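S.K.: Got a file for you: final26.cif, mmCIF, C-alpha atoms.
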```cif
data_work
#
loop_
_atom_site.group_PDB
_atom_site.id
_atom_site.type_symbol
_atom_site.label_atom_id
_atom_site.label_comp_id
_atom_site.auth_asym_id
_atom_site.auth_seq_id
_atom_site.Cartn_x
_atom_site.Cartn_y
_atom_site.Cartn_z
ATOM 1 C CA MET A 7 -23.418 4.054 -27.874
ATOM 2 C CA ILE A 8 -20.140 5.474 -26.540
ATOM 3 C CA GLU A 9 -20.157 8.259 -29.141
ATOM 4 C CA ASN A 10 -23.711 9.198 -28.115
ATOM 5 C CA LYS A 11 -22.595 9.428 -24.474
ATOM 6 C CA ILE A 12 -19.742 11.731 -25.435
ATOM 7 C CA LYS A 13 -22.019 13.984 -27.499
ATOM 8 C CA THR A 14 -24.547 14.222 -24.652
ATOM 9 C CA LEU A 15 -21.859 15.088 -22.114
ATOM 10 C CA ARG A 16 -20.302 17.620 -24.448
ATOM 11 C CA LYS A 17 -23.647 19.418 -24.842
ATOM 12 C CA ALA A 18 -24.196 19.385 -21.084
ATOM 13 C CA ALA A 19 -20.735 20.816 -20.506
ATOM 14 C CA LYS A 20 -21.558 23.875 -22.590
ATOM 15 C CA VAL A 21 -23.776 24.983 -19.727
ATOM 16 C CA SER A 22 -20.559 25.582 -17.807
ATOM 17 C CA THR A 23 -20.017 28.645 -20.052
ATOM 18 C CA MET A 24 -16.449 28.381 -21.290
ATOM 19 C CA ALA A 25 -16.691 32.077 -22.190
ATOM 20 C CA ASP A 26 -16.894 32.988 -18.487
ATOM 21 C CA ALA A 27 -13.415 31.577 -17.848
ATOM 22 C CA ASP A 28 -10.379 33.884 -18.087
ATOM 23 C CA LYS A 29 -7.919 30.989 -18.275
ATOM 24 C CA ILE A 30 -8.297 27.399 -19.445
ATOM 25 C CA TRP A 31 -6.231 24.279 -20.047
ATOM 26 C CA CYS A 32 -5.688 22.828 -23.491
ATOM 27 C CA VAL A 33 -4.463 19.416 -24.596
ATOM 28 C CA ILE A 34 -2.969 19.221 -28.092
ATOM 29 C CA ALA A 35 -1.832 16.028 -29.837
ATOM 30 C CA GLY A 36 -0.551 15.212 -33.299
ATOM 31 C CA ASN A 37 2.627 14.936 -35.319
ATOM 32 C CA GLU A 38 5.884 16.375 -33.978
ATOM 33 C CA GLU A 39 6.098 19.273 -36.436
ATOM 34 C CA MET A 40 2.632 20.567 -35.550
ATOM 35 C CA VAL A 41 3.285 20.355 -31.798
ATOM 36 C CA ASN A 42 6.642 22.101 -32.303
ATOM 37 C CA ASN A 43 4.792 24.980 -33.978
ATOM 38 C CA VAL A 44 2.329 25.215 -31.092
ATOM 39 C CA ALA A 45 5.135 25.033 -28.521
ATOM 40 C CA TYR A 46 7.064 27.814 -30.286
ATOM 41 C CA ALA A 47 3.986 30.043 -30.350
ATOM 42 C CA ALA A 48 3.428 29.338 -26.644
ATOM 43 C CA ILE A 49 7.047 30.103 -25.704
ATOM 44 C CA THR A 50 6.972 33.407 -27.584
ATOM 45 C CA ASN A 51 3.820 34.329 -25.641
ATOM 46 C CA LYS A 52 4.890 32.996 -22.235
ATOM 47 C CA GLU A 53 3.250 35.926 -20.437
ATOM 48 C CA ARG A 54 -0.131 34.653 -21.664
ATOM 49 C CA VAL A 55 0.281 30.884 -21.841
ATOM 50 C CA LYS A 56 2.382 28.256 -20.073
ATOM 51 C CA ILE A 57 3.517 24.800 -21.171
ATOM 52 C CA LEU A 58 2.735 22.420 -18.300
ATOM 53 C CA TYR A 59 3.735 19.134 -19.901
ATOM 54 C CA ARG A 60 5.055 17.705 -23.152
ATOM 55 C CA GLU A 61 5.777 14.156 -24.231
ATOM 56 C CA HIS A 62 7.052 12.504 -27.412
ATOM 57 C CA ILE A 63 5.500 9.055 -27.719
ATOM 58 C CA SER A 64 6.646 6.114 -29.816
ATOM 59 C CA THR A 65 4.854 2.764 -29.784
ATOM 60 C CA LYS A 66 5.455 -0.467 -31.687
ATOM 61 C CA GLU A 67 2.749 -2.785 -32.970
ATOM 62 C CA SER A 68 3.785 -5.759 -35.085
ATOM 63 C CA PHE A 69 6.213 -4.197 -37.588
ATOM 64 C CA VAL A 70 4.872 -0.644 -37.284
ATOM 65 C CA THR A 71 6.251 2.151 -35.110
ATOM 66 C CA LYS A 72 3.777 4.990 -34.471
ATOM 67 C CA LYS A 73 5.081 8.387 -33.360
ATOM 68 C CA PHE A 74 3.215 11.412 -32.044
ATOM 69 C CA ASP A 75 3.555 14.328 -29.637
ATOM 70 C CA PHE A 76 1.340 15.508 -26.781
ATOM 71 C CA ILE A 77 1.377 18.899 -25.040
ATOM 72 C CA LEU A 78 -0.636 20.413 -22.175
ATOM 73 C CA LEU A 79 -1.050 24.199 -21.991
ATOM 74 C CA TYR A 80 -2.620 26.637 -19.532
ATOM 75 C CA GLY A 81 -3.319 30.300 -20.074
ATOM 76 C CA ASP A 82 -5.413 33.132 -21.450
ATOM 77 C CA ILE A 83 -8.488 31.750 -23.165
ATOM 78 C CA ASN A 84 -8.084 33.887 -26.295
ATOM 79 C CA LYS A 85 -4.457 32.839 -26.768
ATOM 80 C CA ILE A 86 -5.361 29.207 -26.180
ATOM 81 C CA ARG A 87 -7.969 29.514 -28.929
ATOM 82 C CA GLU A 88 -5.294 30.863 -31.295
ATOM 83 C CA LEU A 89 -3.029 27.907 -30.519
ATOM 84 C CA SER A 90 -5.950 25.516 -30.970
ATOM 85 C CA LEU A 91 -6.482 27.001 -34.425
ATOM 86 C CA ILE A 92 -2.839 26.315 -35.333
ATOM 87 C CA CYS A 93 -3.402 22.750 -34.183
ATOM 88 C CA LYS A 94 -6.591 22.200 -36.146
ATOM 89 C CA GLU A 95 -5.278 23.848 -39.324
ATOM 90 C CA ASN A 96 -2.403 21.357 -39.241
ATOM 91 C CA GLY A 97 -4.583 18.302 -38.645
ATOM 92 C CA GLY A 98 -4.061 17.892 -34.909
ATOM 93 C CA SER A 99 -6.532 17.173 -32.119
ATOM 94 C CA TYR A 100 -7.217 19.418 -29.144
ATOM 95 C CA LEU A 101 -9.356 19.565 -26.024
ATOM 96 C CA GLN A 102 -10.098 22.883 -24.300
ATOM 97 C CA ILE A 103 -10.675 22.173 -20.618
ATOM 98 C CA ALA A 104 -12.650 24.751 -18.641
ATOM 99 C CA PRO A 105 -12.235 25.201 -14.856
ATOM 100 C CA TYR A 106 -15.703 23.631 -14.579
ATOM 101 C CA TYR A 107 -14.218 20.171 -15.138
ATOM 102 C CA VAL A 108 -11.416 20.645 -12.602
ATOM 103 C CA ILE A 109 -13.872 21.835 -9.959
ATOM 104 C CA ASN A 110 -16.719 19.398 -10.568
ATOM 105 C CA GLU A 111 -15.181 16.193 -11.945
ATOM 106 C CA PRO A 112 -13.109 13.858 -9.724
ATOM 107 C CA ASN A 113 -9.865 12.253 -10.868
ATOM 108 C CA LEU A 114 -9.549 13.641 -14.387
ATOM 109 C CA MET A 115 -7.450 11.523 -16.752
ATOM 110 C CA LEU A 116 -6.179 12.348 -20.236
ATOM 111 C CA THR A 117 -5.771 9.542 -22.749
ATOM 112 C CA VAL A 118 -4.269 9.787 -26.221
ATOM 113 C CA GLY A 119 -3.366 7.178 -28.792
ATOM 114 C CA PRO A 120 -4.176 5.768 -32.232
ATOM 115 C CA GLU A 121 -7.944 5.859 -32.764
ATOM 116 C CA ASN A 122 -8.384 2.079 -33.017
ATOM 117 C CA SER A 123 -6.339 1.533 -29.839
ATOM 118 C CA VAL A 124 -8.403 4.110 -27.933
ATOM 119 C CA LYS A 125 -11.627 2.412 -29.034
ATOM 120 C CA LYS A 126 -10.303 -0.938 -27.798
ATOM 121 C CA PHE A 127 -9.179 0.678 -24.542
ATOM 122 C CA ILE A 128 -12.670 2.066 -23.961
ATOM 123 C CA GLY A 129 -14.221 -1.297 -24.816
ATOM 124 C CA ASP A 130 -11.887 -3.107 -22.412
ATOM 125 C CA CYS A 131 -12.801 -0.648 -19.645
ATOM 126 C CA GLU A 132 -16.477 -1.431 -20.175
ATOM 127 C CA LYS A 133 -15.848 -5.187 -20.231
ATOM 128 C CA ASN A 134 -13.934 -4.921 -16.970
ATOM 129 C CA LYS A 135 -16.763 -2.856 -15.457
ATOM 130 C CA VAL A 136 -14.543 0.149 -14.846
ATOM 131 C CA LYS A 137 -16.604 3.137 -13.799
ATOM 132 C CA LEU A 138 -15.700 6.250 -15.780
ATOM 133 C CA SER A 139 -17.315 9.255 -17.456
ATOM 134 C CA PHE A 140 -16.482 10.473 -20.973
ATOM 135 C CA LEU A 141 -16.176 14.257 -20.899
ATOM 136 C CA LEU A 142 -14.437 15.471 -24.060
ATOM 137 C CA GLU A 143 -13.087 13.830 -27.200
ATOM 138 C CA ASP A 144 -11.363 14.944 -30.399
ATOM 139 C CA LYS A 145 -9.586 13.251 -33.294
ATOM 140 C CA THR A 146 -6.817 14.310 -35.622
ATOM 141 C CA THR A 147 -7.756 15.083 -39.202
ATOM 142 C CA GLY A 148 -4.144 14.648 -40.256
ATOM 143 C CA PHE A 149 -2.120 11.471 -39.845
ATOM 144 C CA ILE A 150 0.785 10.754 -37.519
ATOM 145 C CA GLU A 151 4.193 9.494 -38.577
ATOM 146 C CA THR A 152 4.606 5.738 -38.926
ATOM 147 C CA ASP A 153 7.628 3.587 -39.738
ATOM 148 C CA VAL A 154 7.637 -0.029 -40.820
ATOM 149 C CA TYR A 155 10.940 -1.272 -39.428
ATOM 150 C CA ILE A 156 10.915 -4.465 -41.466
ATOM 151 C CA THR A 157 12.000 -2.231 -44.370
ATOM 152 C CA ASN A 158 15.396 -1.851 -42.641
ATOM 153 C CA LYS A 159 16.239 -5.329 -43.939
ATOM 154 C CA LEU A 160 15.502 -4.378 -47.549
ATOM 155 C CA PRO A 161 18.060 -3.064 -50.054
ATOM 156 C CA ALA A 162 18.577 0.708 -49.826
ATOM 157 C CA PHE A 163 17.034 1.501 -53.224
ATOM 158 C CA VAL A 164 13.861 -0.449 -52.309
ATOM 159 C CA ARG A 165 13.706 1.077 -48.808
ATOM 160 C CA ASN A 166 13.988 4.615 -50.196
ATOM 161 C CA THR A 167 10.922 3.928 -52.342
ATOM 162 C CA ILE A 168 8.814 2.180 -49.700
ATOM 163 C CA ASP A 169 9.579 4.205 -46.544
ATOM 164 C CA PRO A 170 7.831 7.426 -47.647
ATOM 165 C CA LEU A 171 4.672 5.456 -48.394
ATOM 166 C CA PHE A 172 4.530 3.982 -44.888
ATOM 167 C CA LYS A 173 5.277 7.348 -43.275
ATOM 168 C CA MET A 174 2.006 8.570 -44.788
ATOM 169 C CA ALA A 175 0.000 5.610 -43.463
ATOM 170 C CA ASP A 176 -3.539 6.498 -42.415
ATOM 171 C CA VAL A 177 -3.162 6.443 -38.623
ATOM 172 C CA ALA A 178 -5.278 9.013 -36.771
ATOM 173 C CA LEU A 179 -5.100 9.928 -33.084
ATOM 174 C CA SER A 180 -7.935 10.170 -30.599
ATOM 175 C CA THR A 181 -7.674 12.300 -27.446
ATOM 176 C CA VAL A 182 -10.178 11.735 -24.629
ATOM 177 C CA LEU A 183 -10.739 13.379 -21.240
ATOM 178 C CA ILE A 184 -12.367 11.072 -18.694
ATOM 179 C CA SER A 185 -13.110 11.127 -14.988
ATOM 180 C CA THR A 186 -13.345 8.178 -12.624
ATOM 181 C CA ASP A 187 -13.471 7.164 -8.981
ATOM 182 C CA GLN A 188 -10.183 6.892 -7.098
ATOM 183 C CA GLY A 189 -10.470 3.116 -6.848
ATOM 184 C CA TYR A 190 -10.414 2.643 -10.642
ATOM 185 C CA ILE A 191 -7.342 4.754 -11.481
ATOM 186 C CA GLU A 192 -4.763 1.963 -11.333
ATOM 187 C CA LYS A 193 -7.010 -0.390 -13.301
ATOM 188 C CA ILE A 194 -7.479 2.232 -16.024
ATOM 189 C CA LYS A 195 -3.722 2.778 -16.208
ATOM 190 C CA LYS A 196 -3.148 -0.967 -16.532
ATOM 191 C CA ILE A 197 -5.726 -1.313 -19.331
ATOM 192 C CA ALA A 198 -4.224 1.732 -21.079
ATOM 193 C CA LYS A 199 -0.743 0.192 -20.918
ATOM 194 C CA THR A 200 -2.020 -3.082 -22.380
ATOM 195 C CA ASN A 201 -3.538 -1.166 -25.288
ATOM 196 C CA LYS A 202 -0.454 1.072 -25.666
ATOM 197 C CA ILE A 203 -2.464 4.187 -24.848
ATOM 198 C CA PHE A 204 -0.741 7.176 -23.269
ATOM 199 C CA VAL A 205 -2.543 8.251 -20.093
ATOM 200 C CA ILE A 206 -1.790 10.826 -17.397
ATOM 201 C CA GLU A 207 -3.617 11.885 -14.268
ATOM 202 C CA PHE A 208 -4.619 15.486 -14.957
ATOM 203 C CA ASN A 209 -4.950 16.387 -11.283
ATOM 204 C CA LYS A 210 -1.343 15.353 -10.578
ATOM 205 C CA ILE A 211 -0.083 17.723 -13.269
ATOM 206 C CA LEU A 212 -2.009 20.565 -11.619
ATOM 207 C CA LYS A 213 -0.523 19.738 -8.207
ATOM 208 C CA GLU A 214 3.005 19.689 -9.620
ATOM 209 C CA ASP A 215 2.389 23.058 -11.249
#
```
As structure tokens, please, write out the structure in this file.

M.R.:
Amino acid sequence: MIENKIKTLRKAAKVSTMADADKIWCVIAGNEEMVNNVAYAAITNKERVKILYREHISTKESFVTKKFDFILLYGDINKIRELSLICKENGGSYLQIAPYYVINEPNLMLTVGPENSVKKFIGDCEKNKVKLSFLLEDKTTGFIETDVYITNKLPAFVRNTIDPLFKMADVALSTVLISTDQGYIEKIKKIAKTNKIFVIEFNKILKED
């Protein structure tokens, strides 16, 4: 049901003609190496694209630590598309955000986290009758870095064998752009924190810029 909503909204958003925009925003999430590559390409083209925000995120669940990076860019649409290609070729997720959303959608919020956690976050929002709209969504095709810190207690020769296996654990990220009414923002942030989902208010980033 939720996926159908997202697909419908995505099709409707195409009417906003992304091609008519000279500059757009782009959210990229994935493993640290991929985001480093995107950041380097952005820095070397700073006359065409700007890094607005970057965060390295590490969360613990049971004995597993999950690590990923998140970056928000703004700039020339053609350069943003090039950076998005770097992201996708390396298994990351990205959302290209046209001015249409900033102008027409109130209280934009960006959420990113492990796919299962994002699904639970969305489900909890529905159960708590939080009013929000799903605008854009993308998932990583590559996996993020994970560490099982219980292996620290194992002998070195065993840990050296096991650690690489856990670092390749199948944990994918999901990145979602939503909008909501002002009165639901704090509730969404609280539910996101409970589910260990990273969330930022998009409009605040624009004001700071």

S.K.: Using only C-alpha atoms, which of A:Asn134, A:Thr117, A:Ser139, A:Asn209 sits nearest Thr181 (chain A)?

M.R.: A:Thr117

S.K.: Given all atoms listed in the file as the basis, pick out the residue of A:Ile34, A:Phe204, A:Ile184, A:Asn42 nearest to Leu114 (chain A).

M.R.: A:Ile184

S.K.: Would you mind telling me which residue in A:Met115, A:Lys199, A:Lys135, A:Lys126 lies nearest to Val182 (chain A) when using all atoms listed in the file?

M.R.: A:Met115

S.K.: Rounded to one decimal place, report the CA of Val44 (chain A)-CA of Tyr80 (chain A) distance in Å.

M.R.: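 Distance reported for this atom pair: 12.7 Å.
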
S.K.: Smallest atom-to-atom distance to Ile63 (chain A): which of A:Pro112, A:Gly98, A:Gly189, A:Gly36, using all atoms listed in the file?

M.R.: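 Ranking A:Pro112, A:Gly98, A:Gly189, A:Gly36 by distance to Ile63 (chain A), first place goes to A:Gly36.
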
S.K.: Kindly give the distance, in Å, that separates CA of Ile191 (chain A) and CA of Glu132 (chain A), rounded to a single decimal.

M.R.: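 These two atoms are separated by 14.0 Å.
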
S.K.: Using all atoms listed in the file, find the one residue out of A:Leu58, A:Ile194, A:Thr50, A:Lys210 that sits nearest to Gly129 (chain A).

M.R.: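 Selected residue with least distance to Gly129 (chain A): A:Ile194.
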
S.K.: With distances taken over all atoms listed in the file, which of A:Ser90, A:Thr186, A:Thr146, A:Ser64 is nearest to Asn110 (chain A)?

M.R.: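 Looking at the shortest contact to Asn110 (chain A), the residue is A:Thr186.
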
S.K.: State, in Å with one decimal place, the distance from CA of Ile203 (chain A) to CA of Ala45 (chain A).

M.R.: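 Result for CA of Ile203 (chain A) versus CA of Ala45 (chain A): 22.5 Å, one decimal.
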